[in-house]
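*Asks:* For reference, this is structure_13.cif, and it has mmCIF, C-alpha atoms.
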data_target
loop_
_atom_site.label_atom_id
_atom_site.label_comp_id
_atom_site.auth_asym_id
_atom_site.auth_seq_id
_atom_site.Cartn_x
_atom_site.Cartn_y
_atom_site.Cartn_z
CA MET D 155 -14.57 -25.93 4.21
CA LEU D 156 -15.54 -22.26 3.79
CA ASN D 157 -15.83 -21.82 7.54
CA ASP D 158 -12.33 -23.21 8.08
CA VAL D 159 -10.86 -20.88 5.49
CA THR D 160 -12.70 -17.72 6.55
CA TYR D 161 -12.41 -18.07 10.30
CA GLU D 162 -9.57 -20.48 10.98
CA GLY D 163 -7.27 -19.31 8.21
CA THR D 164 -6.91 -22.74 6.58
CA VAL D 165 -4.91 -22.46 3.37
CA ILE D 166 -6.29 -24.26 0.29
CA ASP D 167 -6.16 -23.89 -3.49
CA PHE D 168 -9.45 -22.12 -4.20
CA GLU D 169 -9.29 -22.24 -7.97
CA LEU D 170 -8.74 -25.98 -7.82
CA GLU D 171 -11.56 -26.43 -5.31
CA LEU D 172 -13.96 -24.41 -7.46
CA GLU D 173 -13.01 -26.34 -10.58
CA HIS D 174 -13.57 -29.65 -8.78
CA LEU D 175 -16.92 -28.46 -7.44
CA LEU D 176 -18.24 -27.44 -10.84
CA LYS D 177 -17.02 -30.62 -12.54
CA ALA D 178 -18.14 -33.00 -9.80
CA HIS D 179 -21.69 -31.70 -9.90
CA HIS D 180 -21.78 -31.06 -13.66
CA ILE D 181 -22.55 -27.41 -13.00
CA GLU D 182 -22.69 -24.83 -15.76
CA ILE D 183 -23.39 -21.16 -15.23
CA ASN D 184 -26.69 -20.70 -17.05
CA THR D 185 -30.28 -19.69 -16.34
CA SER D 186 -31.11 -23.15 -14.99
CA LEU D 187 -28.90 -22.43 -11.99
CA SER D 188 -30.62 -21.11 -8.87
CA PHE D 189 -29.53 -17.96 -7.05
CA LYS D 190 -28.73 -20.14 -4.05
CA SER D 191 -26.41 -22.34 -6.10
CA LEU D 192 -24.72 -19.35 -7.68
CA TYR D 193 -24.27 -17.73 -4.29
CA GLN D 194 -22.56 -20.87 -2.99
CA ILE D 195 -20.19 -20.80 -5.96
CA LEU D 196 -19.50 -17.08 -5.63
CA ALA D 197 -18.90 -17.48 -1.90
CA ILE D 198 -15.90 -19.67 -2.74
CA ALA D 199 -14.61 -17.12 -5.25
CA ASN D 200 -15.17 -14.31 -2.75
CA ILE D 201 -13.26 -16.04 0.04
CA SER D 202 -10.47 -16.81 -2.41
CA ALA D 203 -10.18 -13.09 -3.12
CA LEU D 204 -10.43 -12.27 0.58
CA VAL D 205 -7.44 -14.46 1.38
CA THR D 206 -5.25 -13.70 -1.65
CA LYS D 207 -6.36 -10.04 -1.99
CA LYS D 208 -6.82 -10.68 -5.73
CA TYR D 209 -10.33 -9.33 -6.17
CA TYR D 210 -9.54 -8.38 -9.75
CA SER D 211 -9.28 -12.11 -10.57
CA ILE D 212 -12.91 -12.84 -9.66
CA GLU D 213 -14.64 -9.69 -10.92
CA SER D 214 -15.37 -10.86 -14.46
CA PHE D 215 -16.66 -14.26 -13.32
CA VAL D 216 -18.89 -12.73 -10.66
CA MET D 217 -20.37 -10.11 -12.99
CA LYS D 218 -21.00 -12.45 -15.92
CA SER D 219 -22.57 -15.11 -13.71
CA TYR D 220 -25.03 -12.66 -12.19
CA ASP D 221 -25.92 -11.16 -15.57
CA ILE D 222 -26.86 -14.64 -16.82
CA LEU D 223 -29.09 -15.36 -13.83
CA LYS D 224 -30.83 -12.00 -14.06
CA GLN D 225 -32.34 -13.23 -17.32
CA LYS D 226 -34.58 -15.56 -15.31
CA LYS D 227 -38.22 -14.48 -15.45
CA GLU D 228 -38.90 -14.86 -11.75
CA THR D 229 -35.96 -13.62 -9.76
CA ASP D 230 -37.63 -12.99 -6.41
CA LYS D 231 -38.12 -16.62 -5.41
CA GLN D 232 -34.66 -16.70 -3.84
CA LEU D 233 -34.43 -13.04 -2.94
CA PHE D 234 -32.13 -13.59 0.05
CA TYR D 235 -29.43 -15.16 -2.12
CA GLN D 236 -29.88 -12.57 -4.84
CA ILE D 237 -29.17 -9.82 -2.31
CA GLU D 238 -26.12 -11.74 -1.09
CA ILE D 239 -24.83 -11.93 -4.66
CA VAL D 240 -25.37 -8.22 -5.29
CA TYR D 241 -23.50 -7.47 -2.07
CA ILE D 242 -20.56 -9.62 -3.23
CA ILE D 243 -20.54 -7.70 -6.52
CA ALA D 244 -20.67 -4.30 -4.81
CA ASN D 245 -17.86 -5.29 -2.47
CA THR D 246 -15.73 -6.77 -5.27
CA LEU D 247 -16.06 -3.59 -7.32
CA PHE D 248 -15.18 -1.49 -4.28
CA ARG D 249 -12.09 -3.58 -3.54
CA ASN D 250 -11.09 -3.06 -7.17
CA LYS D 251 -11.51 0.71 -6.73
CA LYS D 252 -14.49 0.97 -9.09
CA PHE D 253 -16.55 3.18 -6.82
CA GLU D 254 -19.21 4.38 -9.26
CA ALA D 255 -19.94 0.85 -10.43
CA SER D 256 -20.01 -0.38 -6.83
CA THR D 257 -22.46 2.36 -5.91
CA ARG D 258 -24.82 1.26 -8.70
CA TYR D 259 -24.97 -2.22 -7.19
CA ILE D 260 -25.48 -0.76 -3.72
CA LYS D 261 -28.57 0.98 -5.13
CA GLU D 262 -29.73 -2.31 -6.63
CA MET D 263 -29.16 -3.93 -3.26
CA GLU D 264 -31.28 -1.23 -1.61
CA GLN D 265 -34.10 -1.85 -4.09
CA LEU D 266 -34.02 -5.60 -3.50
CA MET D 267 -34.07 -5.05 0.26
CA GLN D 268 -37.42 -3.27 -0.11
CA LEU D 269 -39.10 -6.27 -1.75
CA LYS D 270 -41.34 -8.79 0.02
CA LYS D 271 -42.33 -6.18 2.58
CA ARG D 272 -38.67 -5.60 3.47
CA ALA D 273 -38.36 -9.19 4.67
CA TYR D 274 -34.56 -9.11 4.43
CA TYR D 275 -33.95 -5.43 5.14
CA LYS D 276 -32.69 -5.96 8.68
CA SER D 277 -30.52 -8.89 7.61
CA PHE D 278 -28.59 -6.78 5.11
CA ILE D 279 -28.68 -3.24 6.45
CA LEU D 280 -25.23 -3.48 8.05
CA LYS D 281 -23.59 -5.00 4.98
CA LYS D 282 -25.10 -2.33 2.76
CA THR D 283 -24.00 0.39 5.18
CA LEU D 284 -20.45 -0.97 5.29
CA VAL D 285 -19.85 -1.03 1.55
CA LYS D 286 -21.63 2.30 1.09
CA ALA D 287 -19.48 3.98 3.76
CA LEU D 288 -16.31 2.54 2.25
CA ASN D 289 -17.23 3.91 -1.17
CA LEU D 290 -17.95 7.32 0.34
CA ASN D 291 -14.64 7.39 2.19
CA TYR D 292 -12.52 6.51 -0.80
CA SER D 293 -14.49 8.93 -2.98
CA ASN D 294 -13.16 11.72 -0.74
CA LYS D 295 -16.36 12.03 1.29
CA GLN D 296 -14.85 10.93 4.57
CA ASP D 297 -17.04 12.98 6.89
CA ASP D 298 -20.18 11.59 5.24
CA ALA D 299 -18.75 8.09 5.58
CA ILE D 300 -18.08 8.55 9.29
CA ILE D 301 -21.55 9.98 9.95
CA LEU D 302 -23.13 7.04 8.13
CA ILE D 303 -21.08 4.39 9.86
CA GLU D 304 -21.48 5.87 13.35
CA SER D 305 -25.25 5.75 12.99
CA PHE D 306 -24.91 1.96 13.33
CA THR D 307 -21.74 1.18 15.30
CA ASN D 308 -23.29 1.73 18.73
CA LYS D 309 -26.42 -0.27 18.03
CA LYS D 310 -26.88 -3.94 18.83
CA HIS D 311 -27.42 -6.24 15.88
CA GLU D 312 -27.45 -9.99 15.38
CA ASP D 313 -24.96 -9.64 12.51
CA THR D 314 -21.93 -9.54 14.82
CA GLU D 315 -19.48 -10.08 11.97
CA THR D 316 -20.52 -7.03 9.97
CA LEU D 317 -20.91 -4.93 13.11
CA LEU D 318 -17.27 -5.62 13.95
CA ASP D 319 -16.35 -4.79 10.35
CA LEU D 320 -18.11 -1.45 10.76
CA GLN D 321 -16.28 -0.72 14.01
CA LEU D 322 -12.87 -1.54 12.56
CA THR D 323 -13.67 0.50 9.46
CA CYS D 324 -14.60 3.46 11.65
CA PHE D 325 -11.27 3.04 13.46
CA MET D 326 -9.48 3.21 10.10
CA PHE D 327 -11.44 6.26 8.92
CA TYR D 328 -10.44 8.22 12.02
CA PHE D 329 -6.86 7.02 11.66
CA GLN D 330 -6.76 8.30 8.08
CA LYS D 331 -8.30 11.54 9.33
CA GLY D 332 -5.46 11.92 11.84
CA ASP D 333 -7.72 11.67 14.88
CA PHE D 334 -5.63 9.07 16.67
CA LEU D 335 -7.29 9.53 20.05
CA LYS D 336 -10.65 8.69 18.52
CA SER D 337 -9.10 5.63 16.89
CA LYS D 338 -7.68 4.64 20.27
CA SER D 339 -11.11 5.02 21.85
CA ILE D 340 -12.60 2.64 19.29
CA SER D 341 -9.67 0.25 19.64
CA SER D 342 -10.16 0.07 23.41
CA LYS D 343 -13.52 -1.60 22.78
CA PHE D 344 -11.79 -4.53 21.05
CA TYR D 345 -11.12 -6.19 24.38
CA HIS D 346 -11.57 -9.82 23.36
CA THR D 347 -8.70 -12.11 22.40
CA ASP D 348 -7.58 -12.61 18.80
CA GLN D 349 -8.91 -16.16 19.00
CA TRP D 350 -12.37 -14.87 19.90
CA TYR D 351 -12.35 -12.43 16.98
CA LYS D 352 -11.04 -15.11 14.64
CA GLU D 353 -14.03 -17.28 15.52
CA LYS D 354 -16.52 -14.42 15.21
CA VAL D 355 -15.31 -12.51 12.17
CA GLY D 356 -12.35 -14.33 10.63
CA MET D 357 -8.60 -14.22 10.17
CA ASP D 358 -8.57 -11.35 7.65
CA TRP D 359 -10.24 -9.04 10.17
CA VAL D 360 -7.78 -10.06 12.89
CA ILE D 361 -4.79 -9.32 10.66
CA LYS D 362 -6.14 -5.89 9.66
CA LYS D 363 -6.93 -5.02 13.27
CA ASN D 364 -3.44 -5.96 14.44
CA VAL D 365 -1.69 -4.01 11.68
CA ALA D 366 -3.90 -0.95 12.21
CA GLU D 367 -3.27 -0.98 15.95
CA LEU D 368 0.50 -1.27 15.44
CA LEU D 369 0.40 1.88 13.31
CA LEU D 370 -1.70 3.59 15.96
CA TYR D 371 0.86 2.76 18.66
CA ILE D 372 3.56 4.28 16.45
CA GLU D 373 1.56 7.48 16.03
CA LEU D 374 0.89 7.69 19.77
CA GLN D 375 4.50 6.67 20.56
CA GLU D 376 3.37 3.93 22.92
CA ASP D 377 6.62 1.95 22.97
CA ASP D 378 5.66 -0.88 25.31
CA LEU D 379 2.42 -1.64 23.52
CA PHE D 380 4.03 -1.41 20.09
CA TYR D 381 6.90 -3.79 20.79
CA SER D 382 4.88 -6.33 22.77
CA ARG D 383 2.16 -6.46 20.11
CA LEU D 384 4.73 -6.52 17.30
CA LYS D 385 6.43 -9.54 18.85
CA SER D 386 3.10 -11.27 19.33
CA PHE D 387 1.98 -10.51 15.76
CA ARG D 388 5.12 -11.96 14.22
CA ARG D 389 4.97 -15.07 16.38
CA ARG D 390 1.31 -15.77 15.65
CA TYR D 391 0.86 -14.77 12.03
CA SER D 392 4.17 -14.90 10.14
CA SER D 393 3.69 -18.52 9.07
CA TYR D 394 0.10 -17.93 7.95
CA LEU D 395 0.94 -14.78 5.97
CA ASN D 396 3.77 -16.57 4.21
CA GLN D 397 1.47 -19.49 3.38
CA ILE D 398 -1.14 -17.29 1.70
CA GLY D 399 1.44 -15.29 -0.24
CA GLN D 400 1.08 -12.15 1.87
CA SER D 401 4.63 -11.89 3.22
CA ARG D 402 4.64 -8.26 2.08
CA ILE D 403 2.51 -7.48 5.14
CA LEU D 404 5.43 -8.67 7.26
CA THR D 405 7.76 -6.56 5.11
CA PHE D 406 5.49 -3.57 5.60
CA ILE D 407 5.56 -4.08 9.36
CA LYS D 408 9.36 -4.23 9.21
CA PHE D 409 9.47 -0.89 7.39
CA ALA D 410 7.06 0.59 9.93
CA GLU D 411 9.33 -0.61 12.74
CA LEU D 412 12.40 0.88 11.05
CA TYR D 413 10.56 4.18 10.70
CA TYR D 414 9.59 4.11 14.38
CA ILE D 415 13.16 3.41 15.51
CA LYS D 416 14.68 6.14 13.34
CA PRO D 417 12.03 8.31 11.67
CA GLU D 418 14.69 10.51 10.07
CA ASN D 419 15.89 7.54 7.98
CA ILE D 420 12.69 7.45 5.98
CA ASN D 421 13.90 10.42 3.95
CA THR D 422 17.23 8.86 3.04
CA THR D 423 17.78 7.69 -0.51
CA GLU D 424 18.56 4.16 0.68
CA PHE D 425 15.30 3.81 2.63
CA LEU D 426 13.18 5.30 -0.15
CA ASN D 427 14.75 3.04 -2.77
CA LYS D 428 14.13 -0.04 -0.64
CA LEU D 429 10.56 1.07 -0.08
CA GLU D 430 9.85 1.64 -3.76
CA LEU D 431 11.48 -1.65 -4.79
CA THR D 432 9.66 -3.66 -2.15
CA PHE D 433 6.23 -2.30 -3.02
CA GLU D 434 6.68 -1.95 -6.76
CA TRP D 435 3.47 -3.39 -8.17
CA THR D 436 3.21 -4.64 -11.73
CA THR D 437 0.04 -2.62 -12.00
CA ILE D 438 -1.45 -0.77 -9.07
CA ASN D 439 -4.98 -1.01 -10.48
CA LYS D 440 -4.87 -4.73 -9.65
CA GLU D 441 -3.82 -4.10 -6.08
CA ASP D 442 -6.31 -4.45 -3.25
CA ILE D 443 -7.48 -1.14 -1.83
CA PHE D 444 -6.78 -2.09 1.79
CA ILE D 445 -3.20 -3.09 0.99
CA ILE D 446 -2.76 0.28 -0.72
CA SER D 447 -4.23 2.02 2.33
CA PHE D 448 -1.65 0.53 4.68
CA TYR D 449 1.17 1.30 2.28
CA ALA D 450 -0.14 4.88 1.97
CA TRP D 451 0.61 5.48 5.64
CA LEU D 452 4.29 4.69 5.10
CA LYS D 453 4.35 6.60 1.82
CA SER D 454 2.84 9.66 3.51
CA LYS D 455 5.66 9.63 6.05
CA ALA D 456 8.27 9.53 3.29
CA ASP D 457 6.54 12.25 1.27
CA LYS D 458 5.58 14.33 4.35
CA GLU D 459 1.96 14.41 3.23
CA ASN D 460 -1.45 13.84 4.78
CA VAL D 461 -2.11 10.09 4.94
CA PHE D 462 -5.67 10.32 3.60
CA GLN D 463 -4.70 12.47 0.63
CA THR D 464 -1.78 10.14 -0.08
CA THR D 465 -4.22 7.22 -0.03
CA LEU D 466 -6.57 8.92 -2.48
CA ARG D 467 -3.68 9.79 -4.77
CA LEU D 468 -2.39 6.21 -4.81
CA ILE D 469 -5.75 4.62 -5.60
CA LYS D 470 -6.17 6.94 -8.58
CA MET D 471 -2.86 5.91 -10.14
#
Is it possible to express this structure as structure tokens?

*Replies:*
Amino acid sequence: MLNDVTYEGTVIDFELELEHLLKAHHIEINTSLSFKSLYQILAIANISALVTKKYYSIESFVMKSYDILKQKKETDKQLFYQIEIVYIIANTLFRNKKFEASTRYIKEMEQLMQLKKRAYYKSFILKKTLVKALNLNYSNKQDDAIILIESFTNKKHEDTETLLDLQLTCFMFYFQKGDFLKSKSISSKFYHTDQWYKEKVGMDWVIKKNVAELLLYIELQEDDLFYSRLKSFRRRYSSYLNQIGQSRILTFIKFAELYYIKPENINTTEFLNKLELTFEWTTINKEDIFIISFYAWLKSKADKENVFQTTLRLIKM
């Protein structure tokens, strides 16, 4: 089930699935639970957040569950799953823009990776690097983030999924930096089909890659590429995005297209009002950081500001 949701983009009710799982197996979150069992439960919650972008909805459950299991006297018997759980926590806190808290769990992750003669160090080094670089970037340490991430992006590793995450993240860092040619250079290495990437790293990655590349084509004024990829994106992913409640990504793409057609219109009162109304969040602190990052690009155009500084300003609201 998890594989279908993560990679194939199957739409299910995660909360219902999790409730059924716990009830069917008479599972309670207490110290009798193993780290492996908790990881399997948290994996469902994590994928739910990945699809819906509602990481704030799982944070409390994830944190409380881990705190309970840490009371076990011998916690190193299932070290692999404990590291997986700490990574989920660090990533959840990052996605909820709690960078200091996320960094504390990254440090815990680093400590756990040193145990048992670093038995799992290689298995988790890319995941740790990814979440650490993301925290650095959004803590206004972008150059440090790029240096860290580039120390791994050109190396071979069996963790293909996280390696691709690192490469796409590096693409986004350079885009935020305004170095569009460097972003294009990274993008040119994504030469496989969307179907291949969907199988290797999942639907969420494919959506982010497509949206990021559309923005890049706008910045580079590559008309043919922009319109052909825009048409393809809408044809392939509109139904899926509507199913998972992420139609605002389609709306965002529409605004980006309108800006590209007539950039001067972005400063009109009508355009700005539509933009503000469309992306008016009940509370921005519950909004996913990557959604904010895409919106920040459009906002920076309207405000005539640097996209990275606009991003940092929005996530602090």

*Asks:* Could you pull the residues within 9 Å of range 415-425 of chain D, counting all atoms listed in the file, minus those fewer than 6 positions along the same chain, as a PyMOL selection string?

*Replies:* chain D and resi 409+452+455-457

*Asks:* Considering all atoms listed in the file, can you say which of D:Thr465, D:Gln330, D:Asn200, D:Ser382 comes closest to Ile445 in chain D?

*Replies:*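 Under the stated criterion, the closest residue is D:Thr465.
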
*Asks:* For each of D:Leu429, D:Leu412, D:Ile469, D:Ala273, take the minimum atom-to-atom distance to Ile443 in chain D, counting only C-alpha atoms, then give the residue where this is smallest.

*Replies:*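 The closest residue to Ile443 in chain D is D:Ile469.
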
*Asks:* Report, in Å to a single decimal, how far apart CA of Gln296 in chain D and CA of Leu335 in chain D are.

*Replies:* 17.3 Å

*Asks:* Using all atoms listed in the file, find the one residue out of D:Leu284, D:Leu369, D:Met471, D:Val240 that sits nearest to Ser219 in chain D.

*Replies:* D:Val240

*Asks:* Nearest to Lys224 in chain D among D:Asn250, D:Gln321, D:Ser188, D:Asn294, with distances taken over all atoms listed in the file: which residue is it?

*Replies:* D:Ser188

*Asks:* Select, from D:Ile361, D:Ile279, D:Leu290, D:Met267, the residue with the minimum atom-to-atom distance to Arg388 in chain D, counting only C-alpha atoms.

*Replies:*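 So, comparing all the options, the nearest one is D:Ile361.
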
*Asks:* Hey, can you check how far CA of Asn308 in chain D sits from CA of Tyr328 in chain D?

*Replies:*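 The value is 15.9 Å.
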
*Asks:* I'd like to know which of D:Lys252, D:Leu269, D:Phe462, D:Thr347 is closest to Lys331 in chain D, using only C-alpha atoms.

*Replies:*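 Selected residue with least distance to Lys331 in chain D: D:Phe462.
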
*Asks:* Taking all atoms of range 313-323 of chain D that the file lists, what box with edges along x, y and z, padded by 5 Å per side, do you get, with centre and edge lengths in Å to one decimal, as lines of an AutoDock Vina configuration file?

*Replies:*
center_x = -18.9
center_y = -4.8
center_z = 12.1
size_x = 22.1
size_y = 20.6
size_z = 15.4

*Asks:* Can you spell out as a count of residues only the set of residues that the PyMOL selection byres ((chain D and resi 303) around 8) selects in the structure I just provided?

*Replies:* 13

*Asks:* Between CA of Phe444 in chain D and CA of Met217 in chain D, what is the spacing in Å?

*Replies:*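 We find that CA of Met217 in chain D and CA of Phe444 in chain D lie 21.6 Å from each other.
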
*Asks:* Tell me, as an MDAnalysis selection string, which residues lie within 12 Å of range 246-248 of chain D, counting only C-alpha atoms; anything in the same chain fewer than 4 positions away does not count.

*Replies:* chainID D and resid 196:197 199:204 207:217 239:242 252:260 284:293 439:444 469

*Asks:* Write a file of the selected residues as a PDB file, in the coordinates of the input, keeping C-alpha atoms.

*Replies:*
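Written output follows (selection-v4.pdb):
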ATOM      1  CA  LEU D 196     -19.500 -17.080  -5.630  1.00  0.00           C
ATOM      2  CA  ALA D 197     -18.900 -17.480  -1.900  1.00  0.00           C
ATOM      3  CA  ALA D 199     -14.610 -17.120  -5.250  1.00  0.00           C
ATOM      4  CA  ASN D 200     -15.170 -14.310  -2.750  1.00  0.00           C
ATOM      5  CA  ILE D 201     -13.260 -16.040   0.040  1.00  0.00           C
ATOM      6  CA  SER D 202     -10.470 -16.810  -2.410  1.00  0.00           C
ATOM      7  CA  ALA D 203     -10.180 -13.090  -3.120  1.00  0.00           C
ATOM      8  CA  LEU D 204     -10.430 -12.270   0.580  1.00  0.00           C
ATOM      9  CA  LYS D 207      -6.360 -10.040  -1.990  1.00  0.00           C
ATOM     10  CA  LYS D 208      -6.820 -10.680  -5.730  1.00  0.00           C
ATOM     11  CA  TYR D 209     -10.330  -9.330  -6.170  1.00  0.00           C
ATOM     12  CA  TYR D 210      -9.540  -8.380  -9.750  1.00  0.00           C
ATOM     13  CA  SER D 211      -9.280 -12.110 -10.570  1.00  0.00           C
ATOM     14  CA  ILE D 212     -12.910 -12.840  -9.660  1.00  0.00           C
ATOM     15  CA  GLU D 213     -14.640  -9.690 -10.920  1.00  0.00           C
ATOM     16  CA  SER D 214     -15.370 -10.860 -14.460  1.00  0.00           C
ATOM     17  CA  PHE D 215     -16.660 -14.260 -13.320  1.00  0.00           C
ATOM     18  CA  VAL D 216     -18.890 -12.730 -10.660  1.00  0.00           C
ATOM     19  CA  MET D 217     -20.370 -10.110 -12.990  1.00  0.00           C
ATOM     20  CA  ILE D 239     -24.830 -11.930  -4.660  1.00  0.00           C
ATOM     21  CA  VAL D 240     -25.370  -8.220  -5.290  1.00  0.00           C
ATOM     22  CA  TYR D 241     -23.500  -7.470  -2.070  1.00  0.00           C
ATOM     23  CA  ILE D 242     -20.560  -9.620  -3.230  1.00  0.00           C
ATOM     24  CA  LYS D 252     -14.490   0.970  -9.090  1.00  0.00           C
ATOM     25  CA  PHE D 253     -16.550   3.180  -6.820  1.00  0.00           C
ATOM     26  CA  GLU D 254     -19.210   4.380  -9.260  1.00  0.00           C
ATOM     27  CA  ALA D 255     -19.940   0.850 -10.430  1.00  0.00           C
ATOM     28  CA  SER D 256     -20.010  -0.380  -6.830  1.00  0.00           C
ATOM     29  CA  THR D 257     -22.460   2.360  -5.910  1.00  0.00           C
ATOM     30  CA  ARG D 258     -24.820   1.260  -8.700  1.00  0.00           C
ATOM     31  CA  TYR D 259     -24.970  -2.220  -7.190  1.00  0.00           C
ATOM     32  CA  ILE D 260     -25.480  -0.760  -3.720  1.00  0.00           C
ATOM     33  CA  LEU D 284     -20.450  -0.970   5.290  1.00  0.00           C
ATOM     34  CA  VAL D 285     -19.850  -1.030   1.550  1.00  0.00           C
ATOM     35  CA  LYS D 286     -21.630   2.300   1.090  1.00  0.00           C
ATOM     36  CA  ALA D 287     -19.480   3.980   3.760  1.00  0.00           C
ATOM     37  CA  LEU D 288     -16.310   2.540   2.250  1.00  0.00           C
ATOM     38  CA  ASN D 289     -17.230   3.910  -1.170  1.00  0.00           C
ATOM     39  CA  LEU D 290     -17.950   7.320   0.340  1.00  0.00           C
ATOM     40  CA  ASN D 291     -14.640   7.390   2.190  1.00  0.00           C
ATOM     41  CA  TYR D 292     -12.520   6.510  -0.800  1.00  0.00           C
ATOM     42  CA  SER D 293     -14.490   8.930  -2.980  1.00  0.00           C
ATOM     43  CA  ASN D 439      -4.980  -1.010 -10.480  1.00  0.00           C
ATOM     44  CA  LYS D 440      -4.870  -4.730  -9.650  1.00  0.00           C
ATOM     45  CA  GLU D 441      -3.820  -4.100  -6.080  1.00  0.00           C
ATOM     46  CA  ASP D 442      -6.310  -4.450  -3.250  1.00  0.00           C
ATOM     47  CA  ILE D 443      -7.480  -1.140  -1.830  1.00  0.00           C
ATOM     48  CA  PHE D 444      -6.780  -2.090   1.790  1.00  0.00           C
ATOM     49  CA  ILE D 469      -5.750   4.620  -5.600  1.00  0.00           C
TER      50      ILE D 469
END

*Asks:* Please evaluate the PyMOL selection byres ((chain D and resi 408) around 12) against the structure above and give the resulting residues as a VMD selection string.

*Replies:* chain D and resid 365 368 to 369 381 384 to 385 387 to 388 392 401 to 407 409 to 415 425 428 to 429 432 452

*Asks:* Could you please take those selected residues and save C-alpha atoms as a PDB file, keeping the file's coordinate frame?

*Replies:*
ATOM      1  CA  VAL D 365      -1.690  -4.010  11.680  1.00  0.00           C
ATOM      2  CA  LEU D 368       0.500  -1.270  15.440  1.00  0.00           C
ATOM      3  CA  LEU D 369       0.400   1.880  13.310  1.00  0.00           C
ATOM      4  CA  TYR D 381       6.900  -3.790  20.790  1.00  0.00           C
ATOM      5  CA  LEU D 384       4.730  -6.520  17.300  1.00  0.00           C
ATOM      6  CA  LYS D 385       6.430  -9.540  18.850  1.00  0.00           C
ATOM      7  CA  PHE D 387       1.980 -10.510  15.760  1.00  0.00           C
ATOM      8  CA  ARG D 388       5.120 -11.960  14.220  1.00  0.00           C
ATOM      9  CA  SER D 392       4.170 -14.900  10.140  1.00  0.00           C
ATOM     10  CA  SER D 401       4.630 -11.890   3.220  1.00  0.00           C
ATOM     11  CA  ARG D 402       4.640  -8.260   2.080  1.00  0.00           C
ATOM     12  CA  ILE D 403       2.510  -7.480   5.140  1.00  0.00           C
ATOM     13  CA  LEU D 404       5.430  -8.670   7.260  1.00  0.00           C
ATOM     14  CA  THR D 405       7.760  -6.560   5.110  1.00  0.00           C
ATOM     15  CA  PHE D 406       5.490  -3.570   5.600  1.00  0.00           C
ATOM     16  CA  ILE D 407       5.560  -4.080   9.360  1.00  0.00           C
ATOM     17  CA  PHE D 409       9.470  -0.890   7.390  1.00  0.00           C
ATOM     18  CA  ALA D 410       7.060   0.590   9.930  1.00  0.00           C
ATOM     19  CA  GLU D 411       9.330  -0.610  12.740  1.00  0.00           C
ATOM     20  CA  LEU D 412      12.400   0.880  11.050  1.00  0.00           C
ATOM     21  CA  TYR D 413      10.560   4.180  10.700  1.00  0.00           C
ATOM     22  CA  TYR D 414       9.590   4.110  14.380  1.00  0.00           C
ATOM     23  CA  ILE D 415      13.160   3.410  15.510  1.00  0.00           C
ATOM     24  CA  PHE D 425      15.300   3.810   2.630  1.00  0.00           C
ATOM     25  CA  LYS D 428      14.130  -0.040  -0.640  1.00  0.00           C
ATOM     26  CA  LEU D 429      10.560   1.070  -0.080  1.00  0.00           C
ATOM     27  CA  THR D 432       9.660  -3.660  -2.150  1.00  0.00           C
ATOM     28  CA  LEU D 452       4.290   4.690   5.100  1.00  0.00           C
TER      29      LEU D 452
END

*Asks:* Using only C-alpha atoms, collect all residues at a distance of at most 12 Å from (-32.0, -3.6, 8.2) as written in the file, then present them as an MDAnalysis selection string.

*Replies:* chainID D and resid 263:264 267:268 272:283 306 309:313

*Asks:* Evaluated on this file, the PyMOL selection byres ((chain D and resi 374) around 12) picks out some residues - which ones are they, written as a PDB file with C-alpha atoms, keeping the file's coordinate frame?

*Replies:*
ATOM      1  CA  PHE D 329      -6.860   7.020  11.660  1.00  0.00           C
ATOM      2  CA  GLY D 332      -5.460  11.920  11.840  1.00  0.00           C
ATOM      3  CA  ASP D 333      -7.720  11.670  14.880  1.00  0.00           C
ATOM      4  CA  PHE D 334      -5.630   9.070  16.670  1.00  0.00           C
ATOM      5  CA  LEU D 335      -7.290   9.530  20.050  1.00  0.00           C
ATOM      6  CA  LYS D 336     -10.650   8.690  18.520  1.00  0.00           C
ATOM      7  CA  SER D 337      -9.100   5.630  16.890  1.00  0.00           C
ATOM      8  CA  LYS D 338      -7.680   4.640  20.270  1.00  0.00           C
ATOM      9  CA  GLU D 367      -3.270  -0.980  15.950  1.00  0.00           C
ATOM     10  CA  LEU D 368       0.500  -1.270  15.440  1.00  0.00           C
ATOM     11  CA  LEU D 369       0.400   1.880  13.310  1.00  0.00           C
ATOM     12  CA  LEU D 370      -1.700   3.590  15.960  1.00  0.00           C
ATOM     13  CA  TYR D 371       0.860   2.760  18.660  1.00  0.00           C
ATOM     14  CA  ILE D 372       3.560   4.280  16.450  1.00  0.00           C
ATOM     15  CA  GLU D 373       1.560   7.480  16.030  1.00  0.00           C
ATOM     16  CA  GLN D 375       4.500   6.670  20.560  1.00  0.00           C
ATOM     17  CA  GLU D 376       3.370   3.930  22.920  1.00  0.00           C
ATOM     18  CA  ASP D 377       6.620   1.950  22.970  1.00  0.00           C
ATOM     19  CA  ASP D 378       5.660  -0.880  25.310  1.00  0.00           C
ATOM     20  CA  LEU D 379       2.420  -1.640  23.520  1.00  0.00           C
ATOM     21  CA  PHE D 380       4.030  -1.410  20.090  1.00  0.00           C
ATOM     22  CA  TYR D 414       9.590   4.110  14.380  1.00  0.00           C
TER      23      TYR D 414
END
